[in-house]
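*Asks:* Dropping the structure in here first, questions after.
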Amino acid sequence: MSFETGTYFDNVTIEDDQPPPKLTHYESQKRRDWKSFCQFLKIHDPPVPLEDSNSDHVVEFMKYLDQFGKTKVHLHGCDYFGKKEPPEPCNCPLKQAWGSLDALIGRLRAAYEENGGNAEMNPFACGGVKAYLREVKELQSIARGVSYVKKKKNIIGDQSTSYMN
């Protein structure tokens with residue numbers, strides 16, 4: 001497996017007299033996320049070459065990001081465990097919200113392949129990453145008293161009614 005030396009976005013050639021293309025919010029975020037993951041691998045002890053990264057490194061990266069989280073996740077011993085809106089602050093840790101991690105993995109999964117990674121070897125698409133996300137979702141749901149129920153989509157053909165004359 002070989003990766004391009006720069007990122008997908010750095011390899012775009014631009015005429016000198018034209019301004020760089022404006023990236024969408026999604027593309028900018030994907031670029032930042034990819035650079036952050038690559039930096040994480042560099043500062044890992046020992047450093048991990050990108051082509052040697054695996055789902056364990058991805059899960060470790062998500063756990064590392066918890067230190068920058070803004071979502072209060074109550075611990076089992078906390079008086080507010082399972083309560084949606086506690087009346088006062090507590091000392092429980094702040095973590096990355098499940099939805100943020102899920103979106104992050106989606107962007108990194110795409111960036112991996114855009115940067116030369118093999119889709120079949122994508123560490124962001126491995127079962128271990130999916131299992132970790134599922135665990136985070138369940139734990140946060142219980143600890144925060146929030147249910148993550150998937151909304152049903154209305155399918156336009158299913159609302160048929162018959163009229164009898």
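By convention in this document, the chains of the structure tokens carry letters A, B, ... by their order, each chain's residues are numbered from 1, and ligands are numbered from 1 in the order they are shown.
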Stretch 16-136 of chain A: which residues are strand (DSSP E) by DSSP, as a PyMOL selection string?
*Replies:* chain A and resi 71-72+94-95
*Asks:* Take the residues that were just selected and, keeping N, CA and C atoms, output them as an mmCIF file, in the first residue's frame.
*Replies:*
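Saved to part_2.cif:
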data_model
loop_
_atom_site.group_PDB
_atom_site.id
_atom_site.type_symbol
_atom_site.label_atom_id
_atom_site.label_comp_id
_atom_site.auth_asym_id
_atom_site.auth_seq_id
_atom_site.Cartn_x
_atom_site.Cartn_y
_atom_site.Cartn_z
ATOM 1 N N THR A 71 -18.867 16.908 26.027
ATOM 2 C CA THR A 71 -20.090 16.230 26.424
ATOM 3 C C THR A 71 -19.894 15.568 27.785
ATOM 4 N N LYS A 72 -20.703 15.964 28.759
ATOM 5 C CA LYS A 72 -20.643 15.382 30.102
ATOM 6 C C LYS A 72 -21.207 13.971 30.059
ATOM 7 N N LEU A 94 -15.687 15.032 30.796
ATOM 8 C CA LEU A 94 -16.180 15.478 29.495
ATOM 9 C C LEU A 94 -15.557 14.560 28.454
ATOM 10 N N LYS A 95 -16.348 14.163 27.487
ATOM 11 C CA LYS A 95 -15.863 13.268 26.437
ATOM 12 C C LYS A 95 -16.383 13.734 25.090
#
*Asks:* So, counting only C-alpha atoms, which residue among A:Ile43, A:His74, A:Leu104, A:Gly69 is closest to A:Cys92?
*Replies:*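 For A:Cys92, the nearest of the candidates is A:His74.
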*Asks:* Could I get the residues of stretch 61-126 of chain A with an atom no further than 9 Å from an atom of stretch 25-35 of chain A, each paired with its nearest atom pair and that distance in Å to one decimal, using only C-alpha atoms, sorted by chain and residue number, as JSON lines?
*Replies:*
{"residue": "A:Leu104", "atom": "CA", "partner": "A:Asp33", "partner_atom": "CA", "distance": 7.2}
{"residue": "A:Arg107", "atom": "CA", "partner": "A:Lys30", "partner_atom": "CA", "distance": 5.3}
{"residue": "A:Leu108", "atom": "CA", "partner": "A:Trp34", "partner_atom": "CA", "distance": 6.1}
{"residue": "A:Ala110", "atom": "CA", "partner": "A:Lys30", "partner_atom": "CA", "distance": 8.3}
{"residue": "A:Ala111", "atom": "CA", "partner": "A:Trp34", "partner_atom": "CA", "distance": 6.5}
{"residue": "A:Tyr112", "atom": "CA", "partner": "A:Trp34", "partner_atom": "CA", "distance": 7.8}
*Asks:* Determine, counting only C-alpha atoms, which protein, DNA and RNA residues have an atom within 10 Å of an atom of A:Leu65; residues of the same chain fewer than 3 positions away are not included. Present the result as a VMD selection string.
*Replies:* chain A and resid 59 to 62 68 to 69 95 to 96 101
*Asks:* Could those selected residues go to a file with C-alpha atoms, as a PDB file, in the first residue's frame?
*Replies:*
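Result saved to selection.pdb:
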ATOM      1  CA  VAL A  59      -9.783   3.472  18.546  1.00  0.00           C
ATOM      2  CA  GLU A  60      -6.804   4.845  20.465  1.00  0.00           C
ATOM      3  CA  PHE A  61      -7.136   8.096  18.491  1.00  0.00           C
ATOM      4  CA  MET A  62     -10.819   8.390  19.422  1.00  0.00           C
ATOM      5  CA  PHE A  68     -10.961  17.673  24.111  1.00  0.00           C
ATOM      6  CA  GLY A  69     -14.612  16.615  24.475  1.00  0.00           C
ATOM      7  CA  LYS A  95     -15.863  13.268  26.437  1.00  0.00           C
ATOM      8  CA  GLN A  96     -16.381  13.385  22.715  1.00  0.00           C
ATOM      9  CA  LEU A 101     -16.979  10.430  16.699  1.00  0.00           C
TER      10      LEU A 101
END
*Asks:* Env of A:Val73: 12 Å cut, atoms = only C-alpha atoms, seq-sep filter 3 positions within chain, self excluded. Answer as a ChimeraX atom specification.
*Replies:* /A:66,69-70,76-78,80-86,89-98,136-146
